[in-house]
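Engineer: Contents are compact mmCIF, C-alpha atoms and all ligand atoms; file name upload02.txt:
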```
# COMPACT_ATOMS: atom_id res chain seq x y z
CA MET U 673 -133.85 -139.89 -68.20
CA TRP U 674 -131.95 -138.45 -71.14
CA ALA U 675 -128.66 -137.23 -69.66
CA SER U 676 -126.76 -140.18 -71.17
CA ALA U 677 -128.06 -139.27 -74.64
CA CYS U 678 -126.83 -135.69 -74.11
CA GLU U 679 -123.43 -136.93 -72.97
CA ALA U 680 -123.11 -139.19 -76.05
CA GLU U 681 -124.12 -136.25 -78.26
CA ARG U 682 -121.52 -134.02 -76.61
CA CYS U 683 -118.73 -136.60 -76.99
CA ALA U 684 -119.67 -137.23 -80.65
CA CYS U 685 -119.37 -133.48 -81.36
CA ALA U 686 -115.99 -133.26 -79.60
CA ASN U 687 -114.63 -136.32 -81.45
CA ALA U 688 -115.83 -135.04 -84.80
CA MET U 689 -113.95 -131.79 -84.23
CA ASN U 690 -110.71 -133.34 -83.07
CA PRO U 691 -110.37 -136.97 -81.94
CA SER U 692 -107.27 -136.22 -79.88
CA LEU U 693 -109.27 -133.80 -77.72
CA GLU U 694 -111.36 -136.62 -76.29
CA SER U 695 -108.60 -137.98 -74.10
CA ILE U 696 -107.61 -134.49 -72.93
CA THR U 697 -111.13 -133.26 -72.10
CA ARG U 698 -112.61 -136.52 -70.73
CA PRO U 699 -114.43 -135.37 -67.56
CA ASP U 700 -113.44 -136.76 -64.17
CA PRO U 701 -116.60 -138.59 -62.99
CA ASN U 702 -115.96 -137.57 -59.37
CA ALA U 703 -115.32 -133.89 -60.07
CA PRO U 704 -118.11 -131.48 -59.05
CA LEU U 705 -120.37 -130.38 -61.89
CA LEU U 706 -120.24 -126.74 -60.80
CA ARG U 707 -117.33 -124.94 -59.17
CA VAL U 708 -117.78 -121.39 -57.86
CA ARG U 709 -114.43 -119.91 -56.90
CA ASP U 710 -113.80 -116.67 -55.03
CA VAL U 711 -116.58 -114.84 -56.86
CA VAL U 712 -116.92 -111.12 -56.22
CA VAL U 713 -119.74 -108.97 -57.62
CA ARG U 714 -119.86 -105.22 -56.95
CA PHE U 715 -122.62 -102.81 -57.90
CA GLY U 716 -120.97 -99.43 -57.35
CA GLY U 717 -120.32 -99.36 -53.59
CA ILE U 718 -122.43 -102.47 -52.84
CA VAL U 719 -120.58 -105.78 -52.53
CA ALA U 720 -123.33 -108.25 -53.49
CA LEU U 721 -120.95 -111.27 -53.48
CA ASP U 722 -117.79 -111.19 -51.41
CA HIS U 723 -115.30 -113.96 -52.37
CA VAL U 724 -117.91 -116.74 -52.49
CA SER U 725 -116.68 -120.30 -53.16
CA PHE U 726 -118.51 -123.64 -53.17
CA ASP U 727 -118.96 -126.80 -55.25
CA VAL U 728 -122.09 -128.53 -56.50
CA PRO U 729 -121.41 -132.28 -56.82
CA LYS U 730 -122.90 -134.20 -59.74
CA GLN U 731 -126.46 -135.45 -59.29
CA LYS U 732 -126.96 -133.84 -55.90
CA ILE U 733 -129.44 -131.24 -54.69
CA VAL U 734 -127.69 -128.22 -53.17
CA GLY U 735 -129.70 -125.53 -51.37
CA LEU U 736 -128.57 -121.91 -51.36
CA ILE U 737 -130.07 -120.01 -48.43
CA GLY U 738 -129.69 -116.62 -46.76
CA PRO U 739 -131.77 -113.68 -45.58
CA ASN U 740 -133.06 -111.02 -48.00
CA GLY U 741 -130.21 -109.25 -49.79
CA ALA U 742 -127.70 -112.04 -49.01
CA GLY U 743 -126.67 -112.35 -52.67
CA LYS U 744 -128.52 -115.51 -53.79
CA THR U 745 -130.18 -114.05 -56.88
CA THR U 746 -126.98 -112.24 -57.82
CA LEU U 747 -125.18 -115.58 -57.79
CA PHE U 748 -127.91 -117.21 -59.92
CA ASN U 749 -127.67 -114.30 -62.35
CA CYS U 750 -123.91 -114.86 -62.61
CA LEU U 751 -124.51 -118.57 -63.30
CA SER U 752 -127.02 -117.64 -66.05
CA ARG U 753 -124.54 -115.01 -67.37
CA LEU U 754 -127.10 -112.24 -66.82
CA TYR U 755 -124.62 -110.48 -64.48
CA GLU U 756 -120.86 -110.14 -64.93
CA THR U 757 -118.61 -111.13 -62.05
CA THR U 758 -116.15 -108.49 -60.83
CA SER U 759 -113.61 -111.27 -60.20
CA GLY U 760 -113.42 -114.99 -59.50
CA GLY U 761 -114.22 -118.09 -61.54
CA ILE U 762 -117.24 -120.27 -62.37
CA GLU U 763 -116.71 -123.64 -64.06
CA LEU U 764 -119.20 -126.18 -65.35
CA ASP U 765 -117.63 -129.62 -65.79
CA GLY U 766 -114.14 -128.12 -65.59
CA LEU U 767 -114.73 -125.42 -68.23
CA SER U 768 -115.20 -121.75 -67.47
CA ILE U 769 -118.61 -120.32 -68.36
CA LEU U 770 -117.53 -116.71 -67.90
CA ASP U 771 -116.62 -116.15 -71.55
CA LEU U 772 -120.03 -117.37 -72.79
CA PRO U 773 -123.07 -115.18 -73.56
CA ALA U 774 -126.35 -115.77 -71.67
CA HIS U 775 -128.04 -117.32 -74.73
CA ALA U 776 -125.37 -120.06 -74.86
CA MET U 777 -126.09 -121.36 -71.36
CA ALA U 778 -128.88 -123.77 -72.34
CA ALA U 779 -126.63 -125.46 -74.92
CA ARG U 780 -123.92 -125.64 -72.26
CA GLY U 781 -126.32 -127.58 -69.98
CA ILE U 782 -127.66 -124.96 -67.56
CA GLY U 783 -131.45 -124.60 -67.26
CA ARG U 784 -133.27 -122.21 -64.97
CA THR U 785 -136.62 -121.24 -63.52
CA PHE U 786 -137.32 -117.70 -62.30
CA GLN U 787 -138.72 -116.32 -59.04
CA ASN U 788 -141.29 -114.33 -61.05
CA LEU U 789 -142.27 -116.71 -63.82
CA ALA U 790 -140.76 -116.01 -67.25
CA LEU U 791 -143.36 -117.72 -69.45
CA PHE U 792 -145.13 -116.46 -72.56
CA PRO U 793 -148.62 -115.86 -71.09
CA SER U 794 -150.52 -115.76 -74.38
CA ALA U 795 -148.91 -118.98 -75.67
CA THR U 796 -150.23 -122.42 -74.71
CA VAL U 797 -148.59 -124.83 -72.29
CA PHE U 798 -147.43 -126.97 -75.22
CA GLU U 799 -145.98 -123.94 -77.07
CA ASN U 800 -144.11 -122.71 -73.98
CA ILE U 801 -142.52 -126.12 -73.46
CA LEU U 802 -141.72 -126.40 -77.17
CA ILE U 803 -139.80 -123.11 -76.91
CA GLY U 804 -137.67 -124.77 -74.21
CA CYS U 805 -136.92 -127.68 -76.59
CA HIS U 806 -135.75 -125.28 -79.30
CA THR U 807 -133.76 -123.11 -76.87
CA ARG U 808 -131.26 -125.88 -76.27
CA LYS U 809 -130.82 -126.81 -79.93
CA HIS U 810 -127.30 -126.09 -81.04
CA GLY U 811 -126.98 -127.88 -84.37
CA ASN U 812 -126.21 -126.32 -87.73
CA LEU U 813 -129.05 -123.79 -88.08
CA LEU U 814 -128.26 -122.92 -91.73
CA ALA U 815 -128.20 -126.57 -92.76
CA ASP U 816 -131.53 -127.13 -90.97
CA MET U 817 -133.10 -124.13 -92.72
CA LEU U 818 -131.92 -125.33 -96.12
CA SER U 819 -133.24 -128.82 -95.54
CA LEU U 820 -137.01 -128.99 -95.18
CA ARG U 821 -136.78 -132.67 -94.33
CA ARG U 822 -134.26 -132.07 -91.56
CA SER U 823 -136.31 -129.16 -90.22
CA ARG U 824 -139.44 -131.37 -90.09
CA GLN U 825 -137.48 -134.07 -88.24
CA VAL U 826 -136.22 -131.54 -85.69
CA ASN U 827 -139.74 -130.16 -85.12
CA ARG U 828 -141.21 -133.64 -84.73
CA ALA U 829 -138.52 -134.59 -82.20
CA ALA U 830 -139.12 -131.36 -80.24
CA ALA U 831 -142.89 -131.96 -80.18
CA ALA U 832 -142.31 -135.53 -78.92
CA VAL U 833 -140.12 -134.24 -76.06
CA ALA U 834 -142.71 -131.56 -75.19
CA ASN U 835 -145.49 -134.18 -75.08
CA GLU U 836 -143.32 -136.49 -72.95
CA LEU U 837 -142.80 -133.67 -70.44
CA ILE U 838 -146.49 -132.75 -70.47
CA ALA U 839 -147.28 -136.35 -69.51
CA TYR U 840 -144.47 -136.50 -66.90
CA LEU U 841 -145.70 -133.29 -65.21
CA ARG U 842 -149.38 -134.28 -65.55
CA LEU U 843 -150.21 -131.22 -67.64
CA GLY U 844 -152.22 -133.17 -70.25
CA ASP U 845 -155.58 -131.55 -69.32
CA VAL U 846 -154.24 -128.04 -69.90
CA ALA U 847 -151.73 -128.69 -72.70
CA HIS U 848 -153.56 -126.50 -75.21
CA ARG U 849 -154.73 -123.78 -72.81
CA LYS U 850 -153.08 -120.38 -72.69
CA VAL U 851 -150.71 -120.11 -69.74
CA ALA U 852 -152.30 -116.82 -68.56
CA GLN U 853 -155.58 -118.67 -67.87
CA LEU U 854 -154.00 -121.18 -65.49
CA PRO U 855 -153.57 -121.08 -61.70
CA PHE U 856 -150.16 -119.94 -60.42
CA GLY U 857 -149.19 -123.42 -59.17
CA THR U 858 -149.87 -124.91 -62.63
CA GLN U 859 -147.88 -122.12 -64.30
CA LYS U 860 -144.95 -123.03 -62.05
CA ARG U 861 -145.14 -126.65 -63.30
CA VAL U 862 -145.13 -125.35 -66.89
CA GLU U 863 -141.98 -123.33 -66.18
CA PHE U 864 -140.41 -126.40 -64.62
CA ALA U 865 -141.29 -128.42 -67.74
CA ARG U 866 -139.83 -125.74 -69.99
CA ALA U 867 -136.56 -125.78 -68.04
CA LEU U 868 -136.45 -129.60 -68.36
CA ALA U 869 -137.10 -129.31 -72.11
CA MET U 870 -133.66 -127.69 -72.40
CA LYS U 871 -132.25 -131.03 -71.19
CA PRO U 872 -130.08 -129.37 -68.55
CA ARG U 873 -127.38 -131.10 -66.56
CA LEU U 874 -127.55 -128.33 -63.96
CA LEU U 875 -131.01 -127.05 -63.06
CA LEU U 876 -131.19 -123.72 -61.21
CA LEU U 877 -134.45 -123.30 -59.29
CA ASP U 878 -135.08 -119.74 -58.05
CA GLU U 879 -137.55 -119.81 -55.14
CA PRO U 880 -139.84 -122.48 -56.62
CA ALA U 881 -142.04 -122.55 -53.47
CA CYS U 882 -142.76 -118.80 -53.59
CA GLY U 883 -146.54 -118.22 -53.86
CA LEU U 884 -147.48 -121.89 -53.39
CA ASN U 885 -149.78 -123.22 -50.65
CA HIS U 886 -148.78 -125.91 -48.14
CA GLU U 887 -150.11 -128.79 -50.24
CA GLU U 888 -148.45 -127.49 -53.40
CA VAL U 889 -145.09 -127.19 -51.57
CA GLU U 890 -145.34 -130.87 -50.56
CA GLY U 891 -146.01 -131.78 -54.20
CA LEU U 892 -143.08 -129.61 -55.27
CA ALA U 893 -140.68 -131.45 -52.94
CA GLU U 894 -141.68 -134.78 -54.51
CA LEU U 895 -141.42 -133.27 -57.99
CA ILE U 896 -137.88 -131.93 -57.45
CA ARG U 897 -136.67 -135.20 -55.89
CA GLY U 898 -138.35 -137.34 -58.56
CA THR U 899 -137.06 -135.18 -61.43
CA GLN U 900 -133.53 -135.16 -60.05
CA ARG U 901 -133.59 -138.97 -59.97
CA ASP U 902 -135.41 -139.61 -63.28
CA PHE U 903 -133.38 -137.10 -65.32
CA ASP U 904 -129.99 -137.59 -63.55
CA LEU U 905 -130.03 -133.89 -62.74
CA THR U 906 -127.83 -131.76 -60.55
CA VAL U 907 -129.95 -129.12 -58.81
CA LEU U 908 -129.02 -125.79 -57.23
CA LEU U 909 -131.99 -124.41 -55.34
CA VAL U 910 -132.50 -120.91 -53.92
CA GLU U 911 -135.31 -121.07 -51.39
CA HIS U 912 -136.69 -119.20 -48.38
CA HIS U 913 -139.06 -122.07 -47.46
CA MET U 914 -136.87 -123.79 -44.85
CA GLY U 915 -139.04 -126.93 -44.63
CA LEU U 916 -138.59 -127.53 -48.37
CA VAL U 917 -134.91 -126.70 -48.68
CA MET U 918 -133.85 -128.61 -45.54
CA GLY U 919 -136.06 -131.57 -46.51
CA ILE U 920 -134.73 -132.16 -50.02
CA SER U 921 -131.15 -130.84 -50.11
CA ASP U 922 -128.08 -133.07 -49.81
CA TRP U 923 -125.93 -130.04 -49.02
CA ILE U 924 -126.63 -126.44 -48.03
CA VAL U 925 -124.63 -123.26 -48.64
CA ALA U 926 -125.63 -120.23 -46.55
CA LEU U 927 -124.87 -116.62 -47.53
CA ASN U 928 -125.24 -113.38 -45.60
CA PHE U 929 -124.26 -109.90 -46.78
CA GLY U 930 -122.64 -111.54 -49.83
CA ARG U 931 -120.37 -113.80 -47.78
CA ARG U 932 -120.53 -117.57 -47.38
CA ILE U 933 -121.23 -118.06 -43.66
CA ALA U 934 -121.79 -121.86 -43.61
CA ALA U 935 -121.79 -124.97 -45.78
CA GLY U 936 -122.73 -128.50 -44.78
CA THR U 937 -125.55 -130.98 -44.42
CA PRO U 938 -128.97 -129.52 -43.55
CA ALA U 939 -128.48 -130.54 -39.89
CA GLN U 940 -125.03 -128.93 -39.72
CA VAL U 941 -126.20 -125.68 -41.31
CA GLN U 942 -129.31 -125.47 -39.11
CA ALA U 943 -127.05 -125.77 -36.05
CA SER U 944 -124.55 -123.15 -37.24
CA PRO U 945 -124.41 -120.14 -34.87
CA GLU U 946 -123.65 -117.82 -37.85
CA VAL U 947 -126.76 -119.02 -39.67
CA ILE U 948 -128.96 -118.72 -36.58
CA ALA U 949 -127.63 -115.19 -35.96
CA ALA U 950 -128.15 -114.20 -39.62
CA TYR U 951 -131.79 -115.28 -39.55
CA LEU U 952 -132.38 -113.59 -36.19
CA GLY U 953 -130.89 -110.39 -37.64
CA GLU U 954 -127.96 -110.32 -35.23
CA SER U 955 -125.19 -110.84 -37.73
CA LYS U 956 -123.17 -107.92 -39.05
N1 LIG T 1001 -128.74 -104.93 -60.42
C1 LIG T 1001 -128.40 -104.50 -59.21
N2 LIG T 1001 -127.95 -103.24 -59.02
C2 LIG T 1001 -127.58 -102.79 -57.80
N3 LIG T 1001 -127.63 -103.55 -56.70
C3 LIG T 1001 -128.07 -104.81 -56.82
C4 LIG T 1001 -128.48 -105.36 -58.07
N4 LIG T 1001 -128.87 -106.65 -57.87
C5 LIG T 1001 -128.71 -106.89 -56.57
N5 LIG T 1001 -128.24 -105.79 -55.94
C6 LIG T 1001 -127.91 -105.69 -54.51
O1 LIG T 1001 -127.08 -106.78 -54.20
C7 LIG T 1001 -127.39 -107.29 -52.90
C8 LIG T 1001 -127.78 -108.77 -53.02
O2 LIG T 1001 -129.06 -108.84 -53.65
P1 LIG T 1001 -129.72 -110.21 -54.14
O3 LIG T 1001 -130.98 -109.85 -54.88
O4 LIG T 1001 -128.72 -111.01 -54.83
O5 LIG T 1001 -130.08 -110.88 -52.74
P2 LIG T 1001 -130.99 -112.16 -52.46
O6 LIG T 1001 -130.27 -112.98 -51.47
O7 LIG T 1001 -131.39 -112.80 -53.73
O8 LIG T 1001 -132.26 -111.48 -51.78
P3 LIG T 1001 -133.81 -111.97 -51.83
O9 LIG T 1001 -133.89 -113.19 -50.99
O10 LIG T 1001 -134.53 -110.81 -51.20
O11 LIG T 1001 -134.20 -112.19 -53.26
C9 LIG T 1001 -128.50 -106.42 -52.34
O12 LIG T 1001 -127.91 -105.43 -51.54
C10 LIG T 1001 -129.13 -105.82 -53.59
O13 LIG T 1001 -129.72 -104.58 -53.31
```
Could you write out this structure as structure tokens?
Ligand SMILES: Nc1ncnc2c1ncn2[C@@H]1O[C@H](COP(=O)(O)OP(=O)(O)OP(=O)(O)O)[C@@H](O)[C@H]1O

Structural biologist:
Amino acid sequence: MWASACEAERCACANAMNPSLESITRPDPNAPLLRVRDVVVRFGGIVALDHVSFDVPKQKIVGLIGPNGAGKTTLFNCLSRLYETTSGGIELDGLSILDLPAHAMAARGIGRTFQNLALFPSATVFENILIGCHTRKHGNLLADMLSLRRSRQVNRAAAAVANELIAYLRLGDVAHRKVAQLPFGTQKRVEFARALAMKPRLLLLDEPACGLNHEEVEGLAELIRGTQRDFDLTVLLVEHHMGLVMGISDWIVALNFGRRIAAGTPAQVQASPEVIAAYLGESK
């Protein structure tokens, strides 16, 4: 929906800094958006991720599965820069993210939802989504503060994006209600909208089906597919709900005890003896 605008904005910034950089840094359109290479994370004696490697191709939905304690959340936390890797590399569009702080990830194009919602419960739906719009902003803050006109323009643009997302996610009826007063399924849609407000290229969804009923999970599958298409998104999805993850993913990566045990299409991964053993509790 607006990925091309983001790309143009990014190129304009790069050219303004140094025109000669454009030819050097021009992204390969066929390269994966995300590369995870040989990532190790240790917590004392626990090896949460053990030399994990995989790619997430542009504009695909990739599911990350594995039994409890497999290392899925640890990997998400590395991608959000909430955890440090012990070793290995993570690149977004060919550039390492490992030297960036967590607060820079939205501007870099990574948006995220959380397993246990991370909304502001006493703020309204509109305000929560507006926060997402401002989270991504990476212009010249001092110049904006000094210019009332510019600041008004920025706020108007953010409000327009928030209202667009409220309409897209059919949240119009509750736009000015406090999030704490809303059912859990609706709160999940608000968190989804807030993540989209950051205009991510890579959207990380952490167990979006958790706590939803059967009907809501069906709606969620349509929402993820539709959003991926309409916003040209690349999605990495951690999910225990096998019906959802197998139904919507183009590619699946399976972890167990911190190791990658399978990667392939949903059919290939479902047939993998290592995956079957891991879910039956037979794997080491
Ligand atoms: N901050 C931490 N400190 C110590 N150990 C941790 C920490 N975070 C995760 N671990 C450990 O790392 C391993 C992987 O945990 P992680 O939460 O990543 O698994 P998961 O696949 O997300 O599990 P679940 O599906 O239950 O959420 C587990 O053994 C866990 O106890």

Engineer: Restricting the calculation to all atoms listed in the file: of U:Ala852, U:Ala926, U:Leu772, U:Leu841, which residue gets closest to ligand LIG 1001 (chain T)?

Structural biologist: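 Using all atoms listed in the file, ligand LIG 1001 (chain T) sits closest to U:Ala926.
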
Engineer: Counting only C-alpha atoms and all ligand atoms, which residues of chain U fall within 12 Å of ligand LIG 1001 (chain T), and what is the closest atom pair for each with its distance in Å at one decimal, ordered by chain and rising number, as JSON lines?

Structural biologist:
```
{"residue": "U:Val712", "atom": "CA", "partner": "T:LIG1001", "partner_atom": "O1", "distance": 11.2}
{"residue": "U:Val713", "atom": "CA", "partner": "T:LIG1001", "partner_atom": "O1", "distance": 8.4}
{"residue": "U:Arg714", "atom": "CA", "partner": "T:LIG1001", "partner_atom": "O1", "distance": 7.9}
{"residue": "U:Phe715", "atom": "CA", "partner": "T:LIG1001", "partner_atom": "C2", "distance": 5.0}
{"residue": "U:Gly716", "atom": "CA", "partner": "T:LIG1001", "partner_atom": "C2", "distance": 7.4}
{"residue": "U:Gly717", "atom": "CA", "partner": "T:LIG1001", "partner_atom": "N3", "distance": 9.0}
{"residue": "U:Ile718", "atom": "CA", "partner": "T:LIG1001", "partner_atom": "O12", "distance": 6.4}
{"residue": "U:Val719", "atom": "CA", "partner": "T:LIG1001", "partner_atom": "O1", "distance": 6.8}
{"residue": "U:Ala720", "atom": "CA", "partner": "T:LIG1001", "partner_atom": "O1", "distance": 4.1}
{"residue": "U:Leu721", "atom": "CA", "partner": "T:LIG1001", "partner_atom": "C8", "distance": 7.3}
{"residue": "U:Asp722", "atom": "CA", "partner": "T:LIG1001", "partner_atom": "C8", "distance": 10.4}
{"residue": "U:Leu736", "atom": "CA", "partner": "T:LIG1001", "partner_atom": "O6", "distance": 9.1}
{"residue": "U:Ile737", "atom": "CA", "partner": "T:LIG1001", "partner_atom": "O6", "distance": 7.7}
{"residue": "U:Gly738", "atom": "CA", "partner": "T:LIG1001", "partner_atom": "O6", "distance": 6.0}
{"residue": "U:Pro739", "atom": "CA", "partner": "T:LIG1001", "partner_atom": "O9", "distance": 5.8}
{"residue": "U:Asn740", "atom": "CA", "partner": "T:LIG1001", "partner_atom": "O10", "distance": 3.5}
{"residue": "U:Gly741", "atom": "CA", "partner": "T:LIG1001", "partner_atom": "O5", "distance": 3.4}
{"residue": "U:Ala742", "atom": "CA", "partner": "T:LIG1001", "partner_atom": "O6", "distance": 3.7}
{"residue": "U:Gly743", "atom": "CA", "partner": "T:LIG1001", "partner_atom": "O4", "distance": 3.3}
{"residue": "U:Lys744", "atom": "CA", "partner": "T:LIG1001", "partner_atom": "O6", "distance": 3.9}
{"residue": "U:Thr745", "atom": "CA", "partner": "T:LIG1001", "partner_atom": "O7", "distance": 3.6}
{"residue": "U:Thr746", "atom": "CA", "partner": "T:LIG1001", "partner_atom": "O4", "distance": 3.7}
{"residue": "U:Leu747", "atom": "CA", "partner": "T:LIG1001", "partner_atom": "O4", "distance": 6.5}
{"residue": "U:Phe748", "atom": "CA", "partner": "T:LIG1001", "partner_atom": "O4", "distance": 8.1}
{"residue": "U:Asn749", "atom": "CA", "partner": "T:LIG1001", "partner_atom": "O4", "distance": 8.3}
{"residue": "U:Cys750", "atom": "CA", "partner": "T:LIG1001", "partner_atom": "O4", "distance": 9.9}
{"residue": "U:Leu754", "atom": "CA", "partner": "T:LIG1001", "partner_atom": "N1", "distance": 9.9}
{"residue": "U:Tyr755", "atom": "CA", "partner": "T:LIG1001", "partner_atom": "N1", "distance": 8.0}
{"residue": "U:Glu756", "atom": "CA", "partner": "T:LIG1001", "partner_atom": "N1", "distance": 10.5}
{"residue": "U:Thr757", "atom": "CA", "partner": "T:LIG1001", "partner_atom": "N4", "distance": 12.0}
{"residue": "U:Phe786", "atom": "CA", "partner": "T:LIG1001", "partner_atom": "O11", "distance": 11.0}
{"residue": "U:Gln787", "atom": "CA", "partner": "T:LIG1001", "partner_atom": "O11", "distance": 8.4}
{"residue": "U:Asn788", "atom": "CA", "partner": "T:LIG1001", "partner_atom": "O11", "distance": 10.7}
{"residue": "U:Asp878", "atom": "CA", "partner": "T:LIG1001", "partner_atom": "O7", "distance": 9.0}
{"residue": "U:Glu879", "atom": "CA", "partner": "T:LIG1001", "partner_atom": "O11", "distance": 8.5}
{"residue": "U:Cys882", "atom": "CA", "partner": "T:LIG1001", "partner_atom": "O9", "distance": 10.8}
{"residue": "U:Leu909", "atom": "CA", "partner": "T:LIG1001", "partner_atom": "O7", "distance": 11.7}
{"residue": "U:Val910", "atom": "CA", "partner": "T:LIG1001", "partner_atom": "O7", "distance": 8.2}
{"residue": "U:Glu911", "atom": "CA", "partner": "T:LIG1001", "partner_atom": "O9", "distance": 8.0}
{"residue": "U:His912", "atom": "CA", "partner": "T:LIG1001", "partner_atom": "O9", "distance": 7.1}
{"residue": "U:His913", "atom": "CA", "partner": "T:LIG1001", "partner_atom": "O9", "distance": 10.9}
{"residue": "U:Ala926", "atom": "CA", "partner": "T:LIG1001", "partner_atom": "O6", "distance": 9.9}
{"residue": "U:Leu927", "atom": "CA", "partner": "T:LIG1001", "partner_atom": "O6", "distance": 7.6}
{"residue": "U:Asn928", "atom": "CA", "partner": "T:LIG1001", "partner_atom": "O6", "distance": 7.7}
{"residue": "U:Phe929", "atom": "CA", "partner": "T:LIG1001", "partner_atom": "C8", "distance": 7.3}
{"residue": "U:Gly930", "atom": "CA", "partner": "T:LIG1001", "partner_atom": "C8", "distance": 6.7}
{"residue": "U:Arg931", "atom": "CA", "partner": "T:LIG1001", "partner_atom": "C8", "distance": 10.4}
{"residue": "U:Arg932", "atom": "CA", "partner": "T:LIG1001", "partner_atom": "O6", "distance": 11.5}
{"residue": "U:Tyr951", "atom": "CA", "partner": "T:LIG1001", "partner_atom": "O9", "distance": 11.8}
```

Engineer: One decimal, Å: what's the distance from CA of Ser944 in chain U over to CA of His723 in chain U, could you say?

Structural biologist: 20.0 Å

Engineer: How far is it from CA of Asp922 in chain U to CA of Ala943 in chain U, in Å with one decimal?

Structural biologist: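 If I compute the distance from CA of Asp922 in chain U to CA of Ala943 in chain U, I get 15.6 Å.
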
Engineer: Show which residues sit within 9 Å of Leu892 in chain U, as a PyMOL selection string. Count only C-alpha atoms, and ignore same-chain residues fewer than 2 positions away.

Structural biologist: chain U and resi 861+880-881+887-890+894-897+916

Engineer: Could you add the missing atoms to range 876-894 of chain U, up to N, CA and C atoms, and return them as a CSV table (one decimal), keeping the file's coordinate frame?

Structural biologist:
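Resulting contents of selection38.csv:
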```csv
chain,number,residue,atom,x,y,z
U,876,LEU,N,-131.2,-124.8,-62.2
U,876,LEU,CA,-131.2,-123.7,-61.2
U,876,LEU,C,-132.7,-123.4,-60.9
U,877,LEU,N,-133.1,-123.6,-59.7
U,877,LEU,CA,-134.4,-123.3,-59.3
U,877,LEU,C,-134.5,-122.1,-58.4
U,878,ASP,N,-135.1,-121.0,-58.8
U,878,ASP,CA,-135.1,-119.7,-58.0
U,878,ASP,C,-136.4,-119.6,-57.3
U,879,GLU,N,-136.4,-119.9,-56.0
U,879,GLU,CA,-137.6,-119.8,-55.1
U,879,GLU,C,-138.8,-120.5,-55.7
U,880,PRO,N,-138.7,-121.8,-56.0
U,880,PRO,CA,-139.8,-122.5,-56.6
U,880,PRO,C,-141.1,-122.5,-55.7
U,881,ALA,N,-140.9,-122.4,-54.4
U,881,ALA,CA,-142.0,-122.6,-53.5
U,881,ALA,C,-142.8,-121.2,-53.3
U,882,CYS,N,-142.2,-120.1,-53.8
U,882,CYS,CA,-142.8,-118.8,-53.6
U,882,CYS,C,-144.2,-118.8,-54.2
U,883,GLY,N,-145.2,-118.4,-53.4
U,883,GLY,CA,-146.5,-118.2,-53.9
U,883,GLY,C,-147.3,-119.5,-53.8
U,884,LEU,N,-146.7,-120.6,-53.4
U,884,LEU,CA,-147.5,-121.9,-53.4
U,884,LEU,C,-148.1,-122.1,-52.0
U,885,ASN,N,-149.2,-122.9,-52.0
U,885,ASN,CA,-149.8,-123.2,-50.6
U,885,ASN,C,-149.1,-124.5,-50.1
U,886,HIS,N,-149.5,-124.8,-48.9
U,886,HIS,CA,-148.8,-125.9,-48.1
U,886,HIS,C,-148.8,-127.2,-48.9
U,887,GLU,N,-150.0,-127.5,-49.5
U,887,GLU,CA,-150.1,-128.8,-50.2
U,887,GLU,C,-149.2,-128.8,-51.5
U,888,GLU,N,-149.2,-127.6,-52.2
U,888,GLU,CA,-148.4,-127.5,-53.4
U,888,GLU,C,-146.9,-127.6,-53.1
U,889,VAL,N,-146.5,-127.1,-51.9
U,889,VAL,CA,-145.1,-127.2,-51.6
U,889,VAL,C,-144.7,-128.7,-51.4
U,890,GLU,N,-145.6,-129.4,-50.7
U,890,GLU,CA,-145.3,-130.9,-50.6
U,890,GLU,C,-145.2,-131.6,-51.9
U,891,GLY,N,-146.1,-131.2,-52.8
U,891,GLY,CA,-146.0,-131.8,-54.2
U,891,GLY,C,-144.7,-131.4,-54.9
U,892,LEU,N,-144.3,-130.1,-54.6
U,892,LEU,CA,-143.1,-129.6,-55.3
U,892,LEU,C,-141.8,-130.4,-54.8
U,893,ALA,N,-141.8,-130.7,-53.5
U,893,ALA,CA,-140.7,-131.4,-52.9
U,893,ALA,C,-140.6,-132.8,-53.6
U,894,GLU,N,-141.7,-133.5,-53.8
U,894,GLU,CA,-141.7,-134.8,-54.5
U,894,GLU,C,-141.3,-134.6,-56.0
```
